[in-house]
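Coordinates from final_31.cif are shown below (mmCIF, C-alpha atoms).
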```cif
data_coords
loop_
_atom_site.label_atom_id
_atom_site.label_comp_id
_atom_site.auth_asym_id
_atom_site.auth_seq_id
_atom_site.Cartn_x
_atom_site.Cartn_y
_atom_site.Cartn_z
CA MET A 7 97.66 -87.29 86.08
CA SER A 8 98.34 -86.96 82.38
CA PRO A 9 96.63 -90.00 80.89
CA GLN A 10 97.83 -89.21 77.36
CA LEU A 11 101.40 -90.06 78.33
CA PRO A 12 102.16 -93.73 77.64
CA ALA A 13 102.91 -95.87 80.67
CA ILE A 14 106.54 -96.63 81.33
CA HIS A 15 106.20 -100.29 80.39
CA GLU A 16 104.84 -99.28 76.97
CA ILE A 17 107.92 -97.19 76.32
CA TRP A 18 109.99 -100.17 77.44
CA VAL A 19 108.18 -102.52 75.06
CA TYR A 20 108.78 -100.07 72.21
CA LEU A 21 112.45 -99.57 73.04
CA SER A 22 113.33 -103.22 73.56
CA GLY A 23 111.66 -104.07 70.25
CA SER A 24 113.84 -101.72 68.21
CA PRO A 25 117.57 -101.88 67.53
CA LEU A 26 117.93 -98.64 69.49
CA LEU A 27 118.31 -100.22 72.93
CA ALA A 28 121.07 -102.63 71.85
CA LEU A 29 122.87 -99.83 70.02
CA ILE A 30 122.68 -97.40 72.95
CA LEU A 31 123.78 -100.14 75.33
CA THR A 32 126.77 -101.14 73.16
CA LEU A 33 127.98 -97.60 72.46
CA SER A 34 127.50 -96.29 76.00
CA ALA A 35 129.21 -99.36 77.49
CA TYR A 36 132.17 -98.75 75.19
CA GLN A 37 132.19 -95.05 76.10
CA ALA A 38 132.19 -96.00 79.79
CA GLY A 39 135.04 -98.45 79.15
CA VAL A 40 137.12 -95.79 77.39
CA MET A 41 136.46 -93.27 80.18
CA ILE A 42 137.55 -95.74 82.86
CA TYR A 43 140.66 -96.62 80.78
CA GLU A 44 141.61 -92.93 80.48
CA ARG A 45 140.81 -92.30 84.17
CA ALA A 46 143.08 -95.21 85.10
CA GLY A 47 145.97 -93.58 83.25
CA ARG A 48 145.68 -96.07 80.35
CA ASN A 49 146.56 -98.91 82.68
CA PRO A 50 146.50 -102.12 80.58
CA LEU A 51 144.43 -103.85 83.27
CA ALA A 52 141.54 -101.42 82.68
CA ASN A 53 141.02 -102.67 79.13
CA PRO A 54 138.09 -100.68 77.65
CA VAL A 55 136.75 -103.57 75.56
CA ALA A 56 136.75 -105.98 78.50
CA ILE A 57 134.89 -103.42 80.64
CA ALA A 58 132.33 -102.81 77.88
CA ILE A 59 131.71 -106.56 77.36
CA ALA A 60 131.22 -107.04 81.11
CA ILE A 61 128.73 -104.14 81.24
CA VAL A 62 126.70 -105.34 78.23
CA ALA A 63 126.69 -108.98 79.36
CA THR A 64 125.56 -107.96 82.87
CA VAL A 65 122.82 -105.62 81.63
CA ILE A 66 121.29 -108.06 79.12
CA THR A 67 121.34 -110.78 81.77
CA LEU A 68 119.64 -108.48 84.30
CA ILE A 69 116.90 -107.29 81.93
CA ASP A 70 116.46 -110.85 80.66
CA MET A 71 117.21 -110.01 77.04
CA PRO A 72 118.20 -113.09 75.00
CA TYR A 73 121.57 -112.76 73.24
CA ALA A 74 119.94 -113.26 69.84
CA LYS A 75 117.63 -110.31 70.54
CA TYR A 76 120.57 -108.12 71.60
CA PHE A 77 122.55 -109.11 68.53
CA GLU A 78 119.64 -108.22 66.26
CA GLY A 79 120.15 -104.58 67.26
CA ALA A 80 123.91 -104.66 67.75
CA GLN A 81 124.54 -106.27 64.36
CA PHE A 82 124.84 -102.79 62.86
CA VAL A 83 128.01 -102.30 64.90
CA HIS A 84 129.09 -105.87 64.19
CA PHE A 85 128.65 -105.41 60.43
CA LEU A 86 131.26 -102.63 60.44
CA LEU A 87 133.92 -105.20 61.40
CA GLY A 88 134.07 -106.21 57.74
CA THR A 89 134.39 -102.59 56.67
CA ALA A 90 137.08 -102.02 59.28
CA THR A 91 138.94 -105.05 57.93
CA VAL A 92 138.98 -103.53 54.44
CA ALA A 93 140.11 -100.21 55.93
CA LEU A 94 143.17 -102.01 57.39
CA ALA A 95 144.63 -101.62 53.89
CA VAL A 96 145.45 -98.01 54.81
CA PRO A 97 147.78 -98.63 57.79
CA ILE A 98 149.30 -101.60 55.94
CA TYR A 99 149.94 -99.37 52.91
CA LYS A 100 151.59 -96.77 55.13
CA GLY A 101 153.63 -99.47 56.89
CA LEU A 102 154.87 -100.88 53.56
CA GLY A 103 156.98 -97.75 53.00
CA ALA A 104 158.81 -98.32 56.28
CA LEU A 105 159.47 -101.99 55.53
CA ARG A 106 162.74 -101.61 53.63
CA GLY A 107 164.81 -104.73 54.37
CA ARG A 108 162.42 -105.98 57.02
CA ILE A 109 159.99 -108.04 54.98
CA LEU A 110 161.75 -111.40 55.40
CA PRO A 111 162.23 -111.18 59.19
CA LEU A 112 158.62 -110.04 59.52
CA LEU A 113 157.26 -112.93 57.43
CA ALA A 114 159.42 -115.46 59.28
CA ALA A 115 158.28 -114.07 62.65
CA LEU A 116 154.66 -114.09 61.49
CA LEU A 117 154.78 -117.74 60.39
CA ALA A 118 156.52 -118.78 63.63
CA GLY A 119 154.08 -116.76 65.74
CA GLY A 120 150.99 -117.99 63.90
CA ALA A 121 152.06 -121.62 64.19
CA THR A 122 152.88 -121.16 67.90
CA SER A 123 149.46 -119.62 68.49
CA ILE A 124 147.51 -122.57 67.09
CA ALA A 125 149.82 -125.31 68.33
CA SER A 126 150.02 -124.02 71.92
CA ALA A 127 146.29 -123.27 72.30
CA VAL A 128 145.09 -126.52 70.74
CA GLY A 129 147.77 -128.57 72.48
CA ILE A 130 147.08 -127.19 75.95
CA ALA A 131 143.30 -127.37 75.57
CA LYS A 132 143.53 -131.00 74.41
CA ALA A 133 145.94 -131.94 77.19
CA LEU A 134 143.56 -130.44 79.78
CA GLY A 135 140.61 -132.36 78.37
CA ALA A 136 138.56 -129.74 76.51
CA ASP A 137 136.00 -131.15 74.07
CA SER A 138 136.19 -130.75 70.30
CA ALA A 139 133.65 -127.87 70.20
CA ILE A 140 135.89 -125.80 72.46
CA ILE A 141 139.09 -126.80 70.65
CA GLY A 142 137.55 -125.77 67.33
CA GLY A 143 137.21 -122.24 68.66
CA PHE A 144 140.99 -121.99 69.13
CA TYR A 145 142.10 -122.47 65.53
CA ALA A 146 141.52 -118.92 64.34
CA LYS A 147 141.63 -117.06 67.65
CA SER A 148 144.82 -115.07 67.03
CA VAL A 149 143.45 -113.67 63.78
CA THR A 150 141.45 -110.45 63.91
CA ALA A 151 137.82 -111.27 64.82
CA PRO A 152 136.06 -110.54 61.50
CA ILE A 153 138.54 -112.75 59.61
CA ALA A 154 138.50 -115.31 62.42
CA MET A 155 134.72 -115.62 62.15
CA GLY A 156 134.94 -116.01 58.37
CA VAL A 157 137.58 -118.72 58.79
CA ALA A 158 135.49 -120.42 61.51
CA GLU A 159 132.53 -120.68 59.13
CA ARG A 160 134.76 -122.23 56.49
CA ILE A 161 136.29 -124.83 58.81
CA GLN A 162 132.83 -125.49 60.32
CA VAL A 163 133.41 -124.46 63.93
CA SER A 164 131.31 -121.98 65.90
CA PRO A 165 131.95 -118.38 64.74
CA THR A 166 130.60 -116.99 68.03
CA LEU A 167 132.92 -119.12 70.17
CA THR A 168 135.83 -118.20 67.87
CA ALA A 169 134.96 -114.51 68.26
CA VAL A 170 134.81 -114.84 72.04
CA PHE A 171 138.25 -116.51 72.10
CA ALA A 172 139.64 -113.99 69.61
CA VAL A 173 138.46 -111.02 71.66
CA THR A 174 139.70 -112.61 74.91
CA THR A 175 143.06 -113.22 73.25
CA GLY A 176 143.19 -109.58 72.15
CA ILE A 177 142.41 -108.35 75.66
CA LEU A 178 144.92 -110.72 77.31
CA GLY A 179 147.57 -109.70 74.78
CA ALA A 180 146.94 -106.00 75.39
CA ILE A 181 147.23 -106.56 79.14
CA LEU A 182 150.28 -108.85 79.10
CA VAL A 183 152.29 -107.42 76.20
CA ARG A 184 154.50 -105.13 78.25
CA PHE A 185 155.53 -107.85 80.70
CA VAL A 186 156.10 -110.55 78.08
CA LEU A 187 158.17 -108.37 75.73
CA ASP A 188 160.21 -106.93 78.59
CA ALA A 189 160.86 -110.47 79.80
CA VAL A 190 162.21 -111.63 76.42
CA GLY A 191 164.24 -108.42 76.06
CA SER A 192 162.48 -107.02 72.99
CA LYS A 193 163.31 -103.32 72.73
CA ALA A 194 162.68 -101.89 69.24
CA TRP A 195 159.18 -100.38 68.92
CA TRP A 196 158.62 -101.89 65.49
CA GLN A 197 159.39 -105.38 66.81
CA ARG A 198 157.22 -104.94 69.90
CA GLY A 199 154.38 -103.59 67.79
CA PHE A 200 154.59 -106.40 65.25
CA ALA A 201 154.61 -109.05 67.99
CA VAL A 202 151.48 -107.70 69.66
CA GLY A 203 149.75 -107.27 66.29
CA VAL A 204 150.42 -110.89 65.33
CA ALA A 205 149.38 -112.29 68.73
CA ALA A 206 146.59 -109.96 69.80
CA HIS A 207 145.23 -108.42 66.55
CA GLY A 208 142.87 -105.41 66.83
CA ILE A 209 142.78 -104.91 70.58
CA GLY A 210 146.55 -105.34 70.83
CA THR A 211 146.90 -102.86 67.98
CA SER A 212 144.71 -100.27 69.75
CA ARG A 213 146.95 -100.71 72.77
CA ALA A 214 150.10 -100.36 70.63
CA PHE A 215 148.80 -97.14 69.05
CA SER A 216 148.11 -95.71 72.51
CA VAL A 217 151.70 -96.46 73.56
CA HIS A 218 153.78 -95.50 70.48
CA PRO A 219 152.86 -94.61 66.85
CA GLU A 220 155.58 -96.79 65.28
CA ALA A 221 154.46 -99.74 67.40
CA GLY A 222 150.90 -99.07 66.24
CA THR A 223 151.82 -99.05 62.54
CA TYR A 224 153.71 -102.32 62.84
CA ALA A 225 150.95 -103.80 64.98
CA SER A 226 148.41 -103.10 62.23
CA LEU A 227 150.84 -104.57 59.72
CA GLY A 228 151.21 -107.70 61.88
CA MET A 229 147.46 -108.00 62.37
CA GLY A 230 146.75 -107.43 58.66
CA LEU A 231 149.36 -109.89 57.39
CA HIS A 232 148.31 -112.49 59.96
CA GLY A 233 144.69 -112.00 58.86
CA VAL A 234 145.43 -112.40 55.15
CA LEU A 235 147.81 -115.35 55.55
CA GLY A 236 145.65 -116.93 58.26
CA ALA A 237 142.57 -116.78 56.04
CA VAL A 238 144.44 -118.89 53.47
CA LEU A 239 146.63 -121.12 55.65
CA ILE A 240 144.44 -121.96 58.68
CA PRO A 241 141.74 -123.83 56.67
CA LEU A 242 144.52 -125.71 54.86
CA ALA A 243 146.29 -126.57 58.13
CA VAL A 244 143.07 -127.75 59.74
CA ARG A 245 142.30 -129.91 56.72
CA LEU A 246 145.79 -131.47 56.89
CA LEU A 247 145.55 -132.14 60.64
CA ALA A 248 142.01 -133.50 60.58
CA MET B 234 134.24 -88.61 55.40
CA ILE B 235 131.29 -89.96 53.39
CA ALA B 236 133.42 -90.13 50.22
CA GLY B 237 135.99 -92.26 52.06
CA LEU B 238 133.33 -94.54 53.53
CA VAL B 239 131.77 -95.04 50.09
CA GLN B 240 135.11 -96.07 48.59
CA ILE B 241 135.85 -98.52 51.41
CA LEU B 242 132.32 -99.99 51.17
CA LEU B 243 132.78 -100.39 47.40
CA PHE B 244 135.97 -102.39 47.95
CA GLN B 245 134.18 -104.45 50.60
CA GLY B 246 131.42 -105.20 48.10
CA LEU B 247 133.92 -106.04 45.40
CA GLY B 248 135.69 -108.38 47.84
CA GLU B 249 132.40 -110.12 48.69
CA ILE B 250 131.67 -110.65 45.00
CA VAL B 251 135.14 -112.05 44.28
CA ALA B 252 134.90 -114.31 47.37
CA ARG B 253 131.45 -115.54 46.36
CA PHE B 254 132.33 -116.45 42.78
CA PHE B 255 136.07 -117.05 42.60
CA LEU B 256 137.75 -117.56 46.00
CA PRO B 257 135.28 -119.19 48.41
CA LEU B 258 138.11 -120.11 50.81
CA ILE B 259 138.97 -116.50 51.72
CA PRO B 260 136.57 -114.15 53.57
CA GLY B 261 135.26 -111.28 51.40
CA PRO B 262 136.61 -108.44 53.58
CA VAL B 263 140.14 -109.89 53.31
CA ILE B 264 139.91 -109.82 49.51
CA GLY B 265 138.52 -106.28 49.77
CA LEU B 266 141.56 -105.36 51.90
CA VAL B 267 143.98 -106.78 49.33
CA LEU B 268 142.16 -105.05 46.45
CA LEU B 269 142.14 -101.69 48.27
CA LEU B 270 145.85 -102.13 49.06
CA ALA B 271 146.58 -102.84 45.39
CA TRP B 272 144.60 -99.76 44.38
CA LEU B 273 146.48 -97.57 46.90
CA ARG B 274 149.80 -98.90 45.55
CA PHE B 275 148.66 -98.15 42.01
CA ARG B 276 147.48 -94.67 42.99
CA GLY B 277 150.64 -93.94 45.01
CA SER B 278 148.88 -92.14 47.89
CA VAL B 279 145.94 -92.45 50.29
CA PRO B 280 142.97 -90.14 49.54
CA GLN B 281 142.40 -87.90 52.54
CA SER B 282 138.77 -89.01 52.96
CA VAL B 283 139.77 -92.70 53.00
CA ASP B 284 142.56 -91.96 55.47
CA GLY B 285 140.10 -90.22 57.81
CA VAL B 286 137.69 -93.16 57.85
CA ALA B 287 140.50 -95.71 58.25
CA THR B 288 141.93 -93.79 61.20
CA ALA B 289 138.51 -93.58 62.87
CA PHE B 290 138.12 -97.34 62.48
CA SER B 291 141.58 -98.26 63.74
CA GLN B 292 141.19 -96.06 66.82
CA ASN B 293 137.85 -97.63 67.77
CA LEU B 294 138.31 -101.17 66.54
CA GLY B 295 137.53 -102.47 70.02
CA LEU B 296 133.96 -101.17 69.85
CA LEU B 297 133.18 -103.35 66.84
CA PHE B 298 134.11 -106.57 68.72
CA ILE B 299 131.61 -106.05 71.52
CA PRO B 300 128.44 -107.55 69.92
CA ALA B 301 130.20 -110.81 68.99
CA ALA B 302 132.11 -111.07 72.26
CA VAL B 303 128.97 -110.65 74.36
CA GLY B 304 128.13 -114.07 72.88
CA VAL B 305 130.20 -115.34 75.81
CA VAL B 306 126.95 -115.28 77.83
CA MET B 307 125.59 -117.91 75.44
CA PHE B 308 128.59 -120.19 75.82
CA TRP B 309 129.14 -119.43 79.49
CA PRO B 310 127.94 -122.76 80.97
CA HIS B 311 130.02 -124.70 78.41
CA ILE B 312 133.11 -122.54 78.90
CA ARG B 313 132.81 -122.63 82.69
CA SER B 314 132.84 -126.43 82.74
CA HIS B 315 136.14 -126.24 80.83
CA ALA B 316 137.37 -123.10 82.58
CA LEU B 317 140.85 -124.38 83.39
CA ALA B 318 141.56 -125.70 79.88
CA VAL B 319 140.18 -122.58 78.19
CA GLY B 320 141.91 -120.13 80.51
CA ALA B 321 145.27 -121.89 80.43
CA ALA B 322 145.18 -122.30 76.64
CA LEU B 323 144.26 -118.65 76.03
CA VAL B 324 146.83 -117.15 78.41
CA ALA B 325 149.71 -119.48 77.56
CA SER B 326 149.06 -119.23 73.84
CA VAL B 327 149.04 -115.44 73.65
CA VAL B 328 152.18 -115.22 75.82
CA ALA B 329 153.97 -117.83 73.70
CA THR B 330 152.88 -116.19 70.44
CA MET B 331 154.14 -112.75 71.46
CA ALA B 332 157.38 -114.16 72.83
CA VAL B 333 158.11 -116.32 69.76
CA THR B 334 157.27 -113.52 67.30
CA ALA B 335 159.46 -111.00 69.14
CA LEU B 336 162.34 -113.49 69.57
CA VAL B 337 162.36 -114.51 65.90
CA LEU B 338 162.33 -110.84 64.89
CA ARG B 339 165.19 -109.97 67.20
CA ALA B 340 167.21 -112.98 66.10
CA ILE B 341 167.11 -112.28 62.37
CA ALA B 342 166.51 -108.52 62.03
CA LYS B 343 169.64 -106.44 61.59
CA ASP B 344 168.31 -103.12 62.90
CA GLY B 345 167.21 -104.22 66.36
CA GLU B 346 167.41 -100.90 68.16
#
```
Give the structure from this file in structure tokens form.
Amino acid sequence: MSPQLPAIHEIWVYLSGSPLLALILTLSAYQAGVMIYERAGRNPLANPVAIAIAIVATVITLIDMPYAKYFEGAQFVHFLLGTATVALAVPIYKGLGALRGRILPLLAALLAGGATSIASAVGIAKALGADSAIIGGFYAKSVTAPIAMGVAERIQVSPTLTAVFAVTTGILGAILVRFVLDAVGSKAWWQRGFAVGVAAHGIGTSRAFSVHPEAGTYASLGMGLHGVLGAVLIPLAVRLLA
Amino acid sequence: MIAGLVQILLFQGLGEIVARFFLPLIPGPVIGLVLLLAWLRFRGSVPQSVDGVATAFSQNLGLLFIPAAVGVVMFWPHIRSHALAVGAALVASVVATMAVTALVLRAIAKDGE
């Protein structure tokens, strides 16, 4: 009827060729995830990041968009991970004031937790017969994803697989943290926060902030310290073990 | 807001330069983090604009992981053939890490409550 309007498939070709589609998809999936999380009364099982990943993965599979094509557009969001890592200096700086006599226990707990993370993941995966490509993805998985991917590049394992494991670890940590810490009888908010920050980095920290501000501060401290120490120690440890 | 973002981006850039030329073992953003932390310590306070940007980032950190994590579709066939090993390792490891960290803290910290 109005021949000057472009046909729908032309609009589609234009949209799928620009970063816009991937950006809209990523942001709206995250928005949907957050809405479902809030609707569910912030139930840890309704993790917003897990919901968003499921939505995006389903949509790009349905519209037959290759991952590389999606990432071309979504890399603008991905790039900000590095910026967000730098910005972690702010919560760490604020947390430093509250440290007082806690620095030694925190460092000891961090080293024990970090070592447990690598040893348990690599040990179990090996025992159950995973191949070396998969095992490589486990080395940096408890470190926050942008640092984990940097470490993965340096120890020559797949950054994408590392990121997938890191994000899954974050989601699992955010879901399980309450049960695990209740089971081991951890009560103080600063200890609970630090434990989830060390084990489940950014996603655990988001969860900690949504539960208690002191837990959130210590979670960012745990994530930040684990990131900085992990960036130095994990490549060294891998080199020693290899 | 923009002023804060500019400062954080500057530290990120500085970190990338230091990583490129002096410390190739450590990712640039981590060096940027340490440099920004040192600058905040030196300054003695957090500029309001930087604080605003940092808060926005920490509240929406999850969003930034989505593009990389969707890469799971690429690895899906490989992961599925090792589903038991991957699943068991991920779950057991995060549980053990949280438990060990919390137990060590409780054992040696004096102000537990």
| task | Write out as a ChimeraX atom specification which residues come within 10 Å of Gln240 of chain B when counting all atoms listed in the file, dropping same-chain ones fewer than 3 positions away. | result | /A:93 /B:235-237,243-246,269,280,282-283
| message | I need the contact residues of chain B against chain A, so if you could list those with any atom within 6 Å, counting all atoms listed in the file, and return them as a PyMOL selection string, that would help. | response | chain B and resi 259-260+262+265-266+270+287+290+295+297+299-300+302-303+305+318+322+326-327+330-331+333-335+337-338+341-342+345-346
| task | In Å, rounded to a single decimal, give me how far atom CA of Ile240 of chain A is from atom CA of Tyr145 of chain A. | result | 7.3 Å
Need the axis-aligned box for segment 326-340 of chain B with 6 Å each side, so what are the centre and edges in Å to one decimal, as JSON?
```
{"center_x": 158.1, "center_y": -114.6, "center_z": 70.4, "size_x": 30.2, "size_y": 21.3, "size_z": 22.9}
```
| Atom-to-atom span, atom CA of Leu105 of chain A and atom CA of Tyr224 of chain A, Å |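 For atom CA of Leu105 of chain A relative to atom CA of Tyr224 of chain A, the distance reads 9.3 Å.
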| field | For atom CA of Asp284 of chain B and atom CA of Ile30 of chain A, the interatomic separation in Å (one decimal) | value | 27.0 Å
| message | Calculated over all atoms listed in the file, which of the candidates A:Val217, A:Leu31, A:Ala13, A:Leu68 has the smallest distance to Asn49 of chain A? | response |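 Residue with the minimum atom-to-atom distance to Asn49 of chain A: A:Val217.
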